[in-house]
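Reviewing the structure listed below.
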Amino acid sequence: MLFNSTEFLIFFAAFALLYWLVRHSRARRNQLIVAASWLFYGWWDWRFLGLLILSSIIDFQVGAGMARSTSARTRRHWLAVSLGFNLGMLGIFKYCGFFLESFYGLLERVGVQHPSWTWNIVLPVGISFYTFQTLSYTLDVYWRRIQPAPDLTAFLAFVSFFPQLVAGPIERASNLLPQFLEPRTIRLVDLEEGFLQILWGLFKKVVFADQLAPFAELGLDRGINSLPVVILGIVAFAGQIYGDFSGYSDIARGLAQMLGFRLMHNFDRPYSATSVRDFWRRWHISLSTWLRDYLYVPLGGSRHGETRTCINLFVTMLLGGFWHGAAWNFVLWGAWHGLALVVHRQWNRHRTMPDALGRPLTWAVVGYGWLLFRAGSSANLLRLHRALLDLSMPAWLPTAALSVAAWWLPILLVESLQGTRPTPFREGIVPGWKRPAACAALIIAIAAYWQRQAVPFIYFQF
Amino acid sequence: MNGPSHNYAFPASDALRLLARPVIAVVIAAVALHLADRLEWLPAPVPANLDQTILSTKARLALRKSPASILLLGDSSCLMDVEARDLAAQLGNLPTLNLGTLSYLDLETQSRLLAKALAAHPFQPPRTVVLLLHPEALRGSSPSPTHIAFLDAQLSTPGSRLAASQALNRLESALAGVTFRERIIQPFIPVPLHGDWSTAYGCNLHLAQILLHRDGSLSDPTRPDPHALLGNAEYRLGNGIEPASRAFRHAIPNGTRLAIGITPTPQSLASNKHSENIRRMLGTWSTWIGADRVLTNLPPVMPDSKFATHTHLNAEGAREFTARLAEALRE
């Protein structure tokens, strides 16, 4: 079920009513959340619901097993069960086909015959997100950072909480799990801010991202080999993926807030970053901090000298790229960001860069990264690189550029008003009397661009 | 694990008040939009899709200030197979206007478009009206009421709100979504076209500019699909063509000649008897329509390499066909 679909509006209205009815019982509330979340997930394909349930139950048992055990060896065994199951599941559903195809490609290059069967298996939606969420739980329990979940229903609600189930934010058990164990208070301001956050997220997705999508396709997929067209495509795609993904996160946070829950902040005006490092503090924060805490730091972080730190940074970003998808372009994208972080680190050791220079440079690095991310196939990647050498400009480019700039305008405007505040529609940013007007403008714009066939979110494929 | 789950720290009346504010704002905004739409205070609606962009631009071209000596009418093969500017140059700079539209429009609608173009210059009627149709259009398959209604609305009051698209659902309609999109956003923000059309023309506004600049002609940028050119097409005159042709004749003013022709078919789709069949169809059709000139010298078949789709020539094919049309008109 997509947030930008009519089914979801009906689903959430019915859920809100039932949620009000169960306000006196925490157990009932959690049961309702689990049932609704499973319905939400099963709406897409009920066959993969089993995986979600199995993954949740195994990690709950692993947590309980580790808590019961006093021996370090047994705890390690429990951890191995969790890592084996979660990473194995990712391996089978997400990466097996990729490795098999790459292996076949290699055999073909050296002229060796290979079997003809392929690994055609559907990728369960949200698997990368909920797998990382449950992994962070077992790792935190293993490192004794948190206590294991005392209640299975609360744990199931933590793993499958529908606002953030399929595309994050990737929550930490230390933040979200206790919220299912405690009574929640919903203030009037939570309803108002949550609702505005949802509207802003829908606007970013339905109006901003979906309207920029054809320009990204035009610039990067339609086979026009020219630098200005590729730049247009990159600027459009940068907006599309930001609007799409941060829009989803906004809706998720808004929905949770209206239900009395707090989800972590996932985006913080990433395109105002002054360096690549700064960009990763602002883009997909729940993933970048996950990678930092569960990969970079365990690899040694910055504790073992400069060379090792740079290797750790590079490997973390490489694997972060691979998390996005089983394809070489994602690996390249991760490697590119890893390299950029290493270069930035080395530069920063000796000198600093003024923001006026850092900002456009970061845009260029991130933009080139989006080209790698979006390329899809190696043939398209080669074509796009060849296009970078051609400066010709199709006659329609100025009108298309005008359109892309016009779609970016409201986002830049609202984000400049937002400043460093976490959400754009807090009291004080938009004064009280202007809020209903902003709300009406957003609702009418969303209704005008709401599509009969909802356009899926990009990050669902990861 | 039980106990209270969650509490709402506000009275229901506060929640209702909170909800009422945006609802009232939305209602006021929607009413204002509907009102501005009715009172024609907003810019003319600008459509986003290819067909509507072509039709609305054709309506503008029909009303343009400079009169045409050669007026081309017909389906999309007329729109894309004939270069109006080349034709004008080859006919000794006779002002030429291509009002070829789409095969979704019937001959009655074509006559209304012609009538509008004639009404714009009542004292300077064209020397020749050339009606060009693809043999497939002469089958008279069912026209599209939405396309016809859209063009009629554009012709009745150019830029009228009647020309805007239909709302997809009741909510969009109630919140004046179409007005917001087509009269507030799209006049200023171009919308990209789809597929090969986007590669060639980029956005709707640019396509409209090209149509105006090229006196109504357009090249079909579609990359040919070889599978689409396989088969053995059989063509005939449809039942509705006779009365529609007679009605069309009545729209031709005195002193203006009516020339008719049939646009070409790809070699691989034409049967052995295709040329003979086309000649026979032209003969019958010319009797029904009362044509002053029958363009029998136009090629009924052209090589597959000159086609973008099975009904439209590519740019090279269009140049060749335009030269043949100029020759035929000069004779």
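Starting from 1 in every chain, residues are counted up; chains themselves are A, B, ... following the order of the structure tokens, and ligands are numbered from 1 as listed.
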Do a neighbour search on region 307-314 of chain B at 7 Å with only C-alpha atoms, toss out local chain neighbours closer than 2 positions, and write the hits as a ChimeraX atom specification. /B:77,80-81,219-224,228-229,265-266,304-305,316-318
For the residues selected in the previous step, produce a file with N, CA and C atoms as a PDB file, in the first residue's frame.
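Written output follows (out_31.pdb):
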ATOM      1  N   SER B  77      -1.433  12.306 -40.741  1.00  0.00           N
ATOM      2  CA  SER B  77      -0.473  12.105 -41.839  1.00  0.00           C
ATOM      3  C   SER B  77      -0.301  13.422 -42.603  1.00  0.00           C
ATOM      4  N   MET B  80       2.040  15.538 -40.395  1.00  0.00           N
ATOM      5  CA  MET B  80       3.454  15.141 -40.284  1.00  0.00           C
ATOM      6  C   MET B  80       4.117  14.779 -41.611  1.00  0.00           C
ATOM      7  N   ASP B  81       3.339  14.598 -42.658  1.00  0.00           N
ATOM      8  CA  ASP B  81       3.952  14.212 -43.947  1.00  0.00           C
ATOM      9  C   ASP B  81       4.230  15.427 -44.840  1.00  0.00           C
ATOM     10  N   SER B 219       7.351  17.114 -37.499  1.00  0.00           N
ATOM     11  CA  SER B 219       7.961  15.847 -37.926  1.00  0.00           C
ATOM     12  C   SER B 219       7.693  14.800 -36.855  1.00  0.00           C
ATOM     13  N   ASP B 220       7.387  13.599 -37.277  1.00  0.00           N
ATOM     14  CA  ASP B 220       7.181  12.510 -36.313  1.00  0.00           C
ATOM     15  C   ASP B 220       8.551  11.979 -35.907  1.00  0.00           C
ATOM     16  N   PRO B 221       8.918  12.135 -34.613  1.00  0.00           N
ATOM     17  CA  PRO B 221      10.262  11.725 -34.194  1.00  0.00           C
ATOM     18  C   PRO B 221      10.360  10.256 -33.788  1.00  0.00           C
ATOM     19  N   THR B 222       9.254   9.505 -33.927  1.00  0.00           N
ATOM     20  CA  THR B 222       9.245   8.124 -33.429  1.00  0.00           C
ATOM     21  C   THR B 222      10.312   7.290 -34.138  1.00  0.00           C
ATOM     22  N   ARG B 223      11.057   6.513 -33.324  1.00  0.00           N
ATOM     23  CA  ARG B 223      12.015   5.597 -33.936  1.00  0.00           C
ATOM     24  C   ARG B 223      11.250   4.402 -34.462  1.00  0.00           C
ATOM     25  N   PRO B 224      11.404   4.093 -35.777  1.00  0.00           N
ATOM     26  CA  PRO B 224      10.549   3.067 -36.362  1.00  0.00           C
ATOM     27  C   PRO B 224      10.754   1.694 -35.727  1.00  0.00           C
ATOM     28  N   ALA B 228       6.267  -3.225 -36.678  1.00  0.00           N
ATOM     29  CA  ALA B 228       5.010  -2.511 -36.955  1.00  0.00           C
ATOM     30  C   ALA B 228       4.783  -2.382 -38.456  1.00  0.00           C
ATOM     31  N   LEU B 229       5.814  -2.623 -39.243  1.00  0.00           N
ATOM     32  CA  LEU B 229       5.683  -2.467 -40.690  1.00  0.00           C
ATOM     33  C   LEU B 229       5.505  -3.812 -41.390  1.00  0.00           C
ATOM     34  N   THR B 265       1.627   4.733 -47.907  1.00  0.00           N
ATOM     35  CA  THR B 265       1.706   3.566 -47.023  1.00  0.00           C
ATOM     36  C   THR B 265       3.102   2.957 -47.199  1.00  0.00           C
ATOM     37  N   PRO B 266       3.687   2.359 -46.138  1.00  0.00           N
ATOM     38  CA  PRO B 266       4.998   1.726 -46.306  1.00  0.00           C
ATOM     39  C   PRO B 266       4.939   0.540 -47.279  1.00  0.00           C
ATOM     40  N   ASP B 304       9.999   1.704 -46.815  1.00  0.00           N
ATOM     41  CA  ASP B 304       9.876   1.646 -45.347  1.00  0.00           C
ATOM     42  C   ASP B 304      10.839   2.607 -44.657  1.00  0.00           C
ATOM     43  N   SER B 305      12.012   2.804 -45.276  1.00  0.00           N
ATOM     44  CA  SER B 305      13.036   3.650 -44.643  1.00  0.00           C
ATOM     45  C   SER B 305      12.593   5.104 -44.514  1.00  0.00           C
ATOM     46  N   GLU B 316      12.829  12.884 -43.556  1.00  0.00           N
ATOM     47  CA  GLU B 316      13.316  12.738 -44.926  1.00  0.00           C
ATOM     48  C   GLU B 316      12.161  12.393 -45.880  1.00  0.00           C
ATOM     49  N   GLY B 317      11.320  11.475 -45.427  1.00  0.00           N
ATOM     50  CA  GLY B 317      10.156  11.086 -46.225  1.00  0.00           C
ATOM     51  C   GLY B 317       9.217  12.262 -46.443  1.00  0.00           C
ATOM     52  N   ALA B 318       9.037  13.070 -45.384  1.00  0.00           N
ATOM     53  CA  ALA B 318       8.134  14.220 -45.482  1.00  0.00           C
ATOM     54  C   ALA B 318       8.658  15.232 -46.504  1.00  0.00           C
TER      55      ALA B 318
END
If you run DSSP over the backbone, which residues in region 231-319 of chain A end up alpha helix (DSSP H)? Put them as a ChimeraX atom specification. /A:231-258,276-282,285-291,297-299,306-319
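If you take only C-alpha atoms and a cut-off of 7 Å, the residues of chain A that reach chain B are Arg23, His24, Ser25, Arg26, Ala27, Arg29, Pro183, Arg184, Thr185, Ile186, Arg187, Leu188, Pro214, Phe215, Leu218, Arg222, Trp396, Thr399, Ala400, Ser403, Ala406, Pro436, Ala437, Cys439, Ala440, Ile444, Ala447 and Ala448 of chain A.
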Name all residues at most 12 Å from region 8-21 of chain A (count only C-alpha atoms; drop same-chain ones fewer than 2 positions away) and give them as an MDAnalysis selection string. (chainID A and resid 1:6 23:37 39:41 43:44 162:163 186 191 198 202 251 255:256 258:260 454) or (chainID B and resid 4:8 12)
Atoms to include: N, CA and C atoms. Write the selected residues as a short mmCIF file (atom, residue, chain, number, x, y, z; two decimals), in the first residue's frame.
data_model
loop_
_atom_site.label_atom_id
_atom_site.label_comp_id
_atom_site.auth_asym_id
_atom_site.auth_seq_id
_atom_site.Cartn_x
_atom_site.Cartn_y
_atom_site.Cartn_z
N MET A 1 0.85 -1.19 0.00
CA MET A 1 0.00 0.00 0.00
C MET A 1 0.89 1.24 0.00
N LEU A 2 0.62 2.14 -0.91
CA LEU A 2 1.44 3.34 -1.00
C LEU A 2 0.79 4.49 -0.25
N PHE A 3 1.62 5.33 0.39
CA PHE A 3 1.08 6.49 1.09
C PHE A 3 0.31 7.41 0.14
N ASN A 4 0.78 7.46 -1.13
CA ASN A 4 0.14 8.36 -2.09
C ASN A 4 -0.96 7.65 -2.89
N SER A 5 -1.73 6.79 -2.19
CA SER A 5 -2.84 6.10 -2.86
C SER A 5 -4.12 6.31 -2.08
N THR A 6 -5.23 6.17 -2.77
CA THR A 6 -6.53 6.36 -2.11
C THR A 6 -6.76 5.27 -1.06
N ARG A 23 -7.57 3.19 23.26
CA ARG A 23 -6.68 4.08 24.01
C ARG A 23 -6.48 3.66 25.46
N HIS A 24 -7.36 2.76 26.00
CA HIS A 24 -7.22 2.39 27.40
C HIS A 24 -6.35 1.16 27.61
N SER A 25 -5.93 0.49 26.53
CA SER A 25 -5.16 -0.74 26.71
C SER A 25 -3.92 -0.74 25.82
N ARG A 26 -2.74 -0.78 26.47
CA ARG A 26 -1.48 -0.76 25.72
C ARG A 26 -1.33 -2.04 24.90
N ALA A 27 -1.76 -3.16 25.49
CA ALA A 27 -1.63 -4.44 24.76
C ALA A 27 -2.48 -4.40 23.50
N ARG A 28 -3.72 -3.92 23.65
CA ARG A 28 -4.62 -3.84 22.48
C ARG A 28 -4.04 -2.90 21.42
N ARG A 29 -3.47 -1.78 21.91
CA ARG A 29 -2.89 -0.80 20.97
C ARG A 29 -1.80 -1.47 20.13
N ASN A 30 -0.90 -2.19 20.84
CA ASN A 30 0.21 -2.84 20.11
C ASN A 30 -0.31 -3.92 19.16
N GLN A 31 -1.33 -4.65 19.64
CA GLN A 31 -1.92 -5.68 18.76
C GLN A 31 -2.52 -5.03 17.51
N LEU A 32 -3.20 -3.91 17.73
CA LEU A 32 -3.80 -3.20 16.59
C LEU A 32 -2.71 -2.73 15.63
N ILE A 33 -1.64 -2.18 16.17
CA ILE A 33 -0.55 -1.69 15.30
C ILE A 33 0.04 -2.85 14.50
N VAL A 34 0.25 -3.98 15.15
CA VAL A 34 0.83 -5.13 14.45
C VAL A 34 -0.12 -5.61 13.34
N ALA A 35 -1.39 -5.76 13.70
CA ALA A 35 -2.36 -6.26 12.70
C ALA A 35 -2.44 -5.29 11.51
N ALA A 36 -2.53 -4.00 11.82
CA ALA A 36 -2.65 -3.01 10.74
C ALA A 36 -1.37 -2.99 9.90
N SER A 37 -0.22 -3.12 10.55
CA SER A 37 1.05 -3.08 9.82
C SER A 37 1.18 -4.28 8.90
N LEU A 39 -1.33 -5.94 7.63
CA LEU A 39 -2.28 -5.72 6.53
C LEU A 39 -1.66 -4.77 5.49
N PHE A 40 -1.06 -3.70 5.99
CA PHE A 40 -0.39 -2.70 5.15
C PHE A 40 0.69 -3.37 4.29
N TYR A 41 1.48 -4.23 4.92
CA TYR A 41 2.57 -4.88 4.21
C TYR A 41 2.03 -5.96 3.25
N TRP A 43 -0.73 -6.12 1.81
CA TRP A 43 -1.48 -5.53 0.69
C TRP A 43 -0.65 -5.59 -0.59
N TRP A 44 0.66 -5.40 -0.43
CA TRP A 44 1.57 -5.44 -1.59
C TRP A 44 1.74 -6.88 -2.06
N PHE A 162 3.86 0.39 10.67
CA PHE A 162 3.61 0.67 9.25
C PHE A 162 4.10 2.02 8.73
N PRO A 163 4.12 3.10 9.54
CA PRO A 163 4.59 4.35 8.93
C PRO A 163 6.02 4.25 8.39
N ILE A 186 -0.79 12.29 23.27
CA ILE A 186 -0.93 12.99 21.99
C ILE A 186 -1.46 14.39 22.29
N LEU A 191 -0.95 16.66 16.64
CA LEU A 191 -1.90 16.46 15.53
C LEU A 191 -1.62 17.47 14.41
N ILE A 198 2.75 15.52 7.09
CA ILE A 198 2.23 14.58 6.08
C ILE A 198 1.95 15.33 4.78
N LEU A 202 3.64 14.66 1.24
CA LEU A 202 2.86 14.33 0.03
C LEU A 202 3.15 15.32 -1.09
N ILE A 251 6.19 11.88 5.62
CA ILE A 251 4.87 11.27 5.85
C ILE A 251 4.96 10.29 7.01
N LEU A 255 2.80 10.73 10.36
CA LEU A 255 1.83 9.71 10.78
C LEU A 255 2.15 9.26 12.21
N ALA A 256 3.44 8.98 12.45
CA ALA A 256 3.84 8.52 13.78
C ALA A 256 3.52 9.57 14.84
N MET A 258 1.22 11.83 14.81
CA MET A 258 -0.22 11.90 15.08
C MET A 258 -0.68 10.74 15.96
N LEU A 259 0.10 9.65 15.98
CA LEU A 259 -0.24 8.51 16.82
C LEU A 259 0.48 8.57 18.16
N GLY A 260 1.27 9.63 18.35
CA GLY A 260 1.96 9.80 19.63
C GLY A 260 3.37 9.23 19.64
N ALA A 454 -1.05 5.48 -8.48
CA ALA A 454 0.00 6.07 -7.64
C ALA A 454 1.39 5.66 -8.12
N PRO B 4 -2.90 1.96 30.59
CA PRO B 4 -3.40 2.88 29.57
C PRO B 4 -2.44 2.97 28.39
N SER B 5 -2.99 3.11 27.23
CA SER B 5 -2.17 3.12 26.02
C SER B 5 -1.74 4.54 25.66
N HIS B 6 -2.72 5.35 25.38
CA HIS B 6 -2.38 6.71 25.00
C HIS B 6 -3.54 7.62 25.37
N ASN B 7 -3.21 8.85 25.68
CA ASN B 7 -4.29 9.77 25.97
C ASN B 7 -4.18 11.00 25.07
N TYR B 8 -5.34 11.52 24.77
CA TYR B 8 -5.40 12.71 23.94
C TYR B 8 -5.48 13.90 24.88
N ALA B 12 -12.12 17.34 22.64
CA ALA B 12 -12.52 17.09 21.25
C ALA B 12 -12.82 18.41 20.52
#
Can you pull out the residues contacting Glu136 (chain B)? Cut-off 9 Å, using only C-alpha atoms, and skip same-chain residues under 2 positions away; I want them as a list in words.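 So, after excluding close chain neighbours, the residues are Ser103, Leu133, His134, Leu138, Arg139, Gly140, Ser141, Glu234, Tyr235, Arg236, Leu237 and Thr311 of chain B.
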Just want the 6 Å neighbourhood of region 168-173 of chain A, counted on only C-alpha atoms, with same-chain residues fewer than 6 positions away dropped. Output as number ranges by chain. A: 129, 133, 137, 286
Store the residues of this selection in a file with C-alpha atoms, as a PDB file, in the first residue's frame.
ATOM      1  CA  PHE A 129      15.059  -1.514   5.913  1.00  0.00           C
ATOM      2  CA  GLN A 133      16.357  -2.364  11.979  1.00  0.00           C
ATOM      3  CA  TYR A 137      18.388  -4.515  17.853  1.00  0.00           C
ATOM      4  CA  SER A 286      19.110   6.900   9.767  1.00  0.00           C
TER       5      SER A 286
END
For region 68-84 of chain A, work out the shell of residues within 12 Å, counting only C-alpha atoms and skipping chain neighbours fewer than 3 positions away, then give it as an MDAnalysis selection string. chainID A and resid 54:65 87:92 131:144 147:148
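You can rank B:Lys306, B:His121, B:His250, B:Lys116 by their closest distance to Ile289 (chain B) using only C-alpha atoms, and at the top of that list sits B:His250.
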Close residues, region 53-57 of chain B itself excluded, 8 Å, only C-alpha atoms, min 3 positions apart in chain, as a list in words: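 The filter keeps Val46, Pro47, Ala48, Asn49, Leu50, Arg60, Leu61, Thr101, Phe150, Leu151, Gln154, Asn204, Leu207, Ala208, Leu211 and Leu212 of chain B.
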